[in-house]
Structure formats: structure tokens, C-alpha cells
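A.B. asks: Got a structure here, written out as C-alpha cells. Questions coming.
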Amino acid sequence: NVLQPPLGPPNFSRGDVVWVKFSSYPWWPAMITDDPSENLHVKKVMKKGVKQRWSYHVSFFGEPTRAWIYEKSILKFEGKNHLMRKRDFEIENGISVKVVNAMYTPKPNTKEKWDLAVKGAESLKRQVKDERIRAMINFNLDLTRKRKRDESSTESPKEIPASKRAKIQAKIDQSVKNIPQSLLAEEGRMLTAYKLYKLGVEASKSKVATDQKSIRESWEQLSKFERKLYVESKRSIVSDLEAEEATGRRSLASKRQQEIVQQKEEKEKKEAEKGPAWYYVPINSSKEDTPVEPVPTPPEINLLEYKKYEKCCFRCEAVSSEEAGDVMKCKGLCGNSYHPVCLNLDPKEVNEDGFKCPDCTAGVLLCSLCGYSEGQINKKGNRCGPVRRCSNSGCGRWFHDACLTGSPLWPQARVGNSSLICPAHMCHTCASDDPKNPVMKFNDKLVRCIRCPTAYHHNDHCMTAGTLIITKNDILCPKHYQPPIKKGKSFTYHVNASWCFMCSTGGSLICCEICPAAFHLECLSINEPPEKYYCDNCETGRMPLYNEIVWVKIGSYRWWPAKVVPPEKLPNKIEHLEHQDGEFPVQFLGSADYIWINQGRAFLYEEGDSEKVPAMSSKTMDASFRKGLKEAEELFASYVKEKSARDLKNAGKRNFGNKPAPYVKLKANRPYGSCPVYTVDPEDLHPCDCDPHKPGPCGEDSNCINRMLMFECHPQVCNAKDLCENMRFQKRQYPQFKVHRAEGRGWGLIAQQVIKKGNFVIEYVGELITMDEYRARMKRNQEVKEENYYYLTIDNNRMIDAGPKGNAARFMNHSCDPNCITQKWSVNGDTRVGLFAIKDVNIGDELTFNYQLESVGDVKKKCLCGAQNCSGFIGEKPRNEKEERRKEQELNRIKEKKRLKKLKKKEKSKEQKRKVESKKLWESTCFRCHEGGSLIQCEMGLCPKSYHLSCIGKETFPRGKWHCPWHYCIDCGKLVEGQNAWCIHCPNAYCRQHRDSLTQHPELSWICSQHDEEIDFLLDIVRAGSGIAELFPCPNPTPEQISVWKKARGMVDSAEPVILTDDKDIKFGKGKKMKNRFSLELGESGTDTSREASLSRELTSRSETPSTLSTGSSSASSRPITPIEVDAKIVQAARQADRPATRGRDADAHKETEKSLEQARDKLAEVHTAQKEPMEGFDGTVTYDEVDEGVSFKRRSSVEPMDVDADTTTSKTPAKNSTVAGKQISPPSSKKKGRGRPPKHS
């Protein structure tokens, strides 16, 4: 390996103009620019894997190409002459002439393009780097779109010698220099080449004739080259004047202009020396030795940077050119500009000073929208009405009222009876939020469409995507998009969505005529569809902007997220793809493909759209789509953040407008139509008792009866005459205030003096209309989507409408915490509404009152007052802060108390559960029948026993905690305590009094007397297994006993015990899951084989949720049951069934249980009697019913059971000589208390 010397710093930076040797092309002018994909202009590359070299990204002048070039193939650009000297030097050094010419001389087919590229590079090299990069973008765009101005002379330089050309240039410069600057300033943009020549001739001291005819003849005798020089001088002068006008430094003195030019040059020089700002980004971070390269901050692109202030022909939509000639402005009423040749006029015969178009010459005024004059028949077959000129100063557009008001596309228009303001005087993007009350977010110059009154600020934040820029004043908006005509092919340029944009469902939809939006008629609250429907965005002019995210539909592909690409970031190859005017480029997210699209196939992306997309498969297309959705969400969030920061930055620079929308100013209410106005005869009025000689007669402290009754004194009746202070409505005694712009709430009133509480502020003045007229106006407002209402009710029959006519009171905004209130006063017999202060108002405070608006329909208007007690919607009752605060504190106190109580209870429960669950386990088989299945576990202490519902005589699970029979004495029902009190082979337990039934067997341990006949069987089972170690000796085993039990069962200590989980599934030691307690065991045939199912089919109950106990099958043994055993088991089952339900209840419930048990014992006598003489079909099963508290007998045969009911006082027994299966049963003679009464619980 050869040690290479370290690579030095790069020799070129971003924005440098250079010569580049690329492929077989000669040295070509180019500029160092950023690669759009990598955002880099220079990087290190390895040549042949050994040597490092600098590689620069360059964009070629005049060519839509860019490339990465090694540093050795780049030269510093110092002009064409310097390059030719280098060529001659290489020829002198012996290099082949053929090789040198191939490197330095372009071929004939590229000679013209090379010359234009060199000229463009020379002109841009004199600019600052940042401006140079922006200018190059527009330079190449103009060349490719063929909208450039040919600045080269049509005459070949060889035809005019250089010395002669220099003399001509010096002569013209001297002529222009002699012109006074005041004359040039007066002409301004109206200056033409002929006028410049004329002023030069008039200012010269020569004896040339200065009359108009002579000057015109001498102008015609000039050569084309001389005229061209005058045109260039005129453009330079106009450009300088406009630059001064834009900076607000207009001066008539030539000395001042020279100072401005000098300051500008010094500023550019400093900027060039200082260089652009830098920030650092990593390059190819995968390599460890890769350094961090500086990258200049990307500047904001001005779309009009390379355009000029010049006129555009309204016919051909082109600027001045050698072929078409100069564009002349009509001096008639239209004010449009035309090429004379476009009007079939000879340019030589047209005098620019008095030029008029044929329409103005004939006195015909055309509408700027429909193109028809007054009286003509339009396309709809209607006769056009008169045209009106826009009232804005300097605007020469004419319109029919119907063209502006009859279409929903121009809500920005202000059409009144006396004035008309066309939509071309506000930015449609800024006004799209509220066209009726627009707010201009930027102070930039407006550019206007030459076909319609559409206008935008000349920046990429407002200018709609697809806008074609012609000059710095004129554009062609995308509303005039014309789809391409393709022969033999069907092409649909407009695609509507198949779902409603409001409810996101399909069905019968109404579609927008411009964009893909679609809606249900019901969602729009429209009864019948209009002839043409436009969505809100299209009506207000809100269209896709550059850098925004949109949904695009192409071919059979789904709606795909894409980003609108601005012109400065568009690759040159994409720029050259075939497209129409009005289309804009988009880049599909997820796939990075480009396409030109029109507005009919794209709609705006909204927040949350990525989450509404249905599930997708794992196909490649879906993977790209998912990637696109993620990118769309990120880019949209970034765009919104950037837009918010930009709006916040420009908030202080916004142009809110000079004045509000025009309206007719009134001083008093004016009746409209047949609306009545009431008056009173002064003779019918009674004067007040105020003393006119006292200070302030009829004033606030005078106790004037009229004032207290809210009546104004009449000037002919009141004793105080002109001194009366109760004539505020009539004298219009208003305080000083002014109309101001309330951001976000339109216009408002600000007090300019202190207003005390109770003072009169202003009368609410407008048109007096009837209720029928109010309904008609309200209907029209809803049709045109007018949201600003000025209606105020006077009485049941009249309203005040201050919208079209009124006074300053119409600007007072709503507030939930107002400082004014409306009051109805009687003035000269009629009712008038005034606004009075209800609190002290300081200077600068906004005057507000509560609208108490009645909502029309279900839609409520959001309140924007910002008060602390704001109700959220206009018309709703404001919140009472003190009461709501008190209620909120009380509610929070209760919630906190409940939370602490619940938390304490939860912690206690968790602690108890933790203690129990840490040691608690259950057996996986029933303790009675020793079979598995759906089991219920005992929840007392550490008892590990489980049971089938049928084995304990239940049909449903108990609601509370359940305790198994192993904890209670089988004879008396007492809670068993102590040691050696349990039979370890069955659920029998005995208290100290009845413990004699237990015996200790040497092998079987403690066993009850019920297993006397099963000793041999039990011994065989125990000997076959692990002995009695497999059985728990008591309900609360110790850890040592549990460990022995686990060892006998073959379970390790770390294994999970049998537990009951939250979902009621039973889990065994090794995590095996069984059915939950609500499932049934099905045999191979699919039938229910569970003991619960068989029992439920046998039991008979008269309640919806019975809890029936069965003792017929409770024993594990199949031996016959004796009457004594039946007696004991009935009592045991009754106590076991009733104990969980009665534990913790009051004494009354316990007494009812006692009575039920006594009734059960009374029926035992009948059972004994039946046992002596066996009844046919009786199997010895007696069930205890909780609901009816009686005993029912069950049979194997079809004999119906006999039910015996009992209430709390008397026992209903079978009648005498009742027959059961042919046998007579006699009732017991008396009630006897049986043994084993249940204990009284504390």
C-alpha cells in the first residue's frame, strides 16, 4: 500500500460559475449546485479504490442536465475570452489543433446553445451567489419553455463593425443622460423606447425639429440595432425606478439615484465577501473516516426572481418580442395591453400615446369574466345586463353583477349598490379561510391572472400549484386548465372519490366540478342537487400549494399520497416531460416516482388520513404504500409546523385591510318596505317633574320618572328643553371610539375615552324589517353561505338588520363576559335599542355585548371571545365561575375521598390476596366423587378442596365467597376447630361434641364411621398409591404438609399450583388449561355427560334461579341410604346451602333459616313412615327448596312429585289420607325441634 498525501480543502463552493469538460462536449459553462437527492454539492470519492478525489455536483447552463464531475475536469469561469486565450496557449505548446478545437470549440449544431449558455453565465456571474443560483433556475426554465426574451440583435455583429457599434451605444447613452430624471420618474412604468427617444431629442440642444411628426419620422429611420439599444436602455431605467419604488426611496434627483446604485453595489460586494450562512450535515455516515462537510443553508426561492416588470398581451398571452413587436397598453376604458399585430394592426401605423383597442374605439365594454357586452346573448341564452367597473383605484376590469354573484367561485367580490370591488384585489389563498372577511397574511405584491380576477401573493406559500408565471405582474391560474386532446384515446382528467368526504361512506353522491370531492346531499343539508356543485375549497379558492401533501389518483392504482414538488426542486428530466399548462408535478411517497397531474385528480391530505386506510396485505405494492403513508404523516406534520412558525413570524406584518367591507351608513333606523314605524303626538305625553333650574335636569341623579321607566323626554314636552339629559338617543351622545381589526374575530370597536358604568354607548341602528323579510334574507344568507349576521329583535313583528345599512354598532363583537348590555327604550313613541356600559371601560378596551344568538338548525356558532366564563358557543348561558368552582371543588373532594377509600381497600385486598395466593392451592378433582371437570373451589383460608356443583347440590355458582362442608360439623353445623377433626377421605367434619365418630386407622389415618364398609377398598387404593401423603389432613395445611402433598403427587416446589385465574379457567401445575366453569363435558357422542347436567335434568324448581341441594348422590359409596342418614344429610345439606347466603346477615334472616330447617325436620317423619313401607317409584331423594322452603320428593317413574309448601307461620302439609303411589301418608301430629340447630353467628 502506497501512503497517499492528505486531500486538501475543496477549491470550489456552492454557487461558483465554472467551465466543465464532460464527455465529448467542449468546455461548457456550469454552476456548482446541490444534488436534490443528497443535498450535497461536493463529496470525496475513491478513484480505483486507492486515491481520493473531490467530486462536485454541477448544473449546466442551457442544458436540462446535471452531473458529478471530478475536480480535474473543472476550471474557474472567467469569461469566453479567457477560455480562448487558454486554447491559443495550448496550441502554442504543441498540442494537436484538432484535439484543442474539440475541447474548446462547439460543433455547429450546438454553437447557438453554447453561445446562449456562455452569455447566461457571464450575466449571472456578476450577481451574488444566492441570487445567482435562483436566477439560474429561472434562466434554464425560460430556455426550456421558450418564454425568454431574445436579447441578442437580429443583425449579425459582422454586419456592423465593433467601432461603429460602440459609437452608436455612446451616442444613445449620452442622449439618455441628458434627459431630466424628473421626466423619467413621471413616465415610470409607462415609459417606452419611443418615448425615451422622444425625450432625448427634446432634451438635446441640437437644431433638430421637435414636433411630433418629425420625431416619429426620425424614429422610423433608425436601424433595428439602434431601436434595440433604446429598448434595452428603457428596460434598465424602468427596472431601476421600480426597485426604488419597492424600497420606498423614490427620488427625482439623479444624484440620489446614483447614491442608491452605489449603496446597492456596496451591499452586494459585502454579501459576496461574507458568503452565505453554513450548517453542517454528515456525508455518508457509514464510513468512519468520512469528514463532515459544510452545506449552505437553502435559501427561500422567489418564483418571480428572473421575471421582469413588463406588459403581457391579453390575446396571445405573450410579452414583447421581435416577431410580435412591443406590447402597448390601451388608453381606453378597458386598460388592457395588446400586440398591435394581435389586433390586425400595423405597428408602424399605431401611435403608442393614443393607442386604443377596437372595442374601446367602438365604445364596447366587455365583461372580464364572460367576455360579453351589455345586451348580448350569452352561452346560456340570457341577455346580459349592464357592466360595471371595479371601484378600486387603478383597476380597469368590468363585470356583470350576475357574473360575480351568480357563481359561487367569487365569494371575495364586494358587490354593492354604489360600489363594486372585484376579487383581483386580495390573495385568494389568504382569503380562503374567510372570504367575506379576509385577512392578508403577507405584504407581498399581488400577481393576477390575465383571464379571470384571480390573484395571489408572489410567493410559493400562496401561489397555487400549476400556476404559469408570465411576468412579474401576470400569471395564468390553474382554473383554466385544458385537458390534452388525444386522438383515438379516452382520457379522463377529472376523477371523483367514491365516498362522502364528511361521513366516509358510499352511496348516492354529489361531485365537485373541479376537484375529486364528493358528498351526500343529506350531509350537505341540500334537498335538490344544483346544476353545478363546487366544494368549499374550490369556492373559496383553496387549492394545493407547493410542498403540500395531497392524495392522487392515477389509472387503476389506489389513491396514493404524494408531495407537490416546487419548481426549484424538480429534476430537469421531469421538467421536460409532456404536460399541459395548469398541471403541476407531484412525487409519490413510498416510491419516489414523479408525474404531472391536474387538480381534478388530487385533493388535500388532512391530519389522521393515514390512520383511516384499511388493512393491507404483504404484497410489494402494499409495502410501498405503507411506506408512503408513514412519509406522508411525517411530511404533513413538518409542513404544518413550518406553516405555523411562518404565520407566527408574519403575524405582526399582516395586512388586515384599510377598512371593512362597504356598507351604507345610517344615523337612525330606516324602515324597509311595509315595516311599520310608530310615532306619538306630543300632546299625549306627560312631562316629568324635574326642575330645569337644578344642575343636570333629567340626569342620572335627578330621579326623572321618564328615565326610570326607560322613556326619553320629548323636546316639546320636557320642561328642561335643550338642557334635558334624557335625550341621548335623539342627540346621539356617543363616546369616542374607533373601528379596529380584532384578529380572528373580524372588526370590533375600541373605546378611546373612559366610559363609566351605566353610561350610554351607542344606539344599534339599521334597516327596520318585518319578520317575513327577515326570513327571506336569512334564507338568502344561507344560500350564499354568509355567516356574519347583524339581526337584532325589537318586538314580535320587527327586526333591525345592520348588515347592508347601519352605524358603528354593527362592529361590536360578542363576549360571554361583556362590558355592555342592550336596552329597549321608548323614544317619541317607537322602540329603539341602545347599548349601555355595565362596567367601567378604560381607553383601549374593546366594547362587547352578549348576542344571545338563537341558532338556526343544529349547527351552533363557536364563541371566540376568550373570556374565562366562555360557554364555548354563542347563545349558550355563560358559566358561573364561583358556583362552578365550588361544585368542582366539592366534586374533587368527593372523588378524592372515594379514590383514597378505594385505594385503601384495593391495597388491603391486594395484601390479603397476596398472602393467600402465595400459599393457596386447590386440588384438581372433586373431594366427594374424586373426578375432574368443572369445579368450584373453597375460598376459606388455605382450604385446597374443590367440588362439582352437583356433588354439593347446587345448580349455579354462589355470588359471594363459598365455604365447603369440610369446615362445619356434619351433625350440628358448627364451625370445626382444633386438631384431628376431619375425615381425610370425605368432606365430613366433627366438632368436639361429635368427634367420637372419628377413628384413627393405622394406615388410613383419621376416618369417619361412614366408611366402615369401605375400609378394604380404601386400603387397596392407598396402598396402590403413595399412601395417605396424597391426602390433606386438614382444611388449613401447613407449608410442610403442602410440601409432602406435592412430593407425593410428583410435583416439584417450583411448579405452579392449581389456581383459579381471573377468567375463571382452571390451571394445573404444568400450565395445562382446562375448560372454564361454564363449559360442559361432552362425551364421544357429543352429549352432555357432566354431573351438573344430569342433576339439573332431575331437579324440579319453581324459581328462576333455584339453589337446590341434593343428598341422594352425595356419598361416594353406592350403598343404600338409611333413614337416619337421610335425616342427617338433609340437615347437613340445608345448612350448607343456607350458610354462605346467611353469613353476615341480620338476625331476621337467621330466624327465617331456623324456621325453614324446622319445617324440614317436620317432614322427616313422613320420610321415616315412607321408609317403613317402601313407596313405589321413590328413590329416597329429598330436596330442599330455598324459595318455597318446602320439601319435594323425586321419583324414578313418571309419577309427578308431591310439593309441600310452608310459610313462616304455619306449615302446609299434605291433606289427611294423601295417597302417594297407593300408600297413605298421615301428617305429623306435632312439630318437634330436631337436633343440630345452626349456631347464631356474630
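Chains: A, B, ... in order of the C-alpha cells. Residues: from 1 per chain. Ligands: from 1, in order shown.
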Hey, what's within 12 Å of A:Asp593 if we count only C-alpha atoms and toss same-chain stuff fewer than 2 positions away? As a list of chain:residue names, please?
C.D. replies: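 Contacts, in chain order: A:Trp560, A:Pro561, A:Ala562, A:Lys563, A:Val564, A:Val565, A:Leu570, A:Pro571, A:Ile574, A:Pro585, A:Val586, A:Gln587, A:Phe588, A:Leu589, A:Gly590, A:Ser591, A:Ile595, A:Trp596, A:Ser624, A:Gly628.
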A.B. asks: Residues near A:Ile821, anyone? I mean within 6 Å using only C-alpha atoms, not counting same-chain ones fewer than 6 positions away, as a count of residues only.
C.D. replies: 3
A.B. asks: As a ChimeraX atom specification, which residues of stretch 386-602 of chain A does DSSP assign to strand (DSSP E)?
C.D. replies: /A:387-389,398-400,414-415,420-421,446-449,455-457,468-469,474-476,510-511,518-519,549-552,560-564,584-588,594-597,602
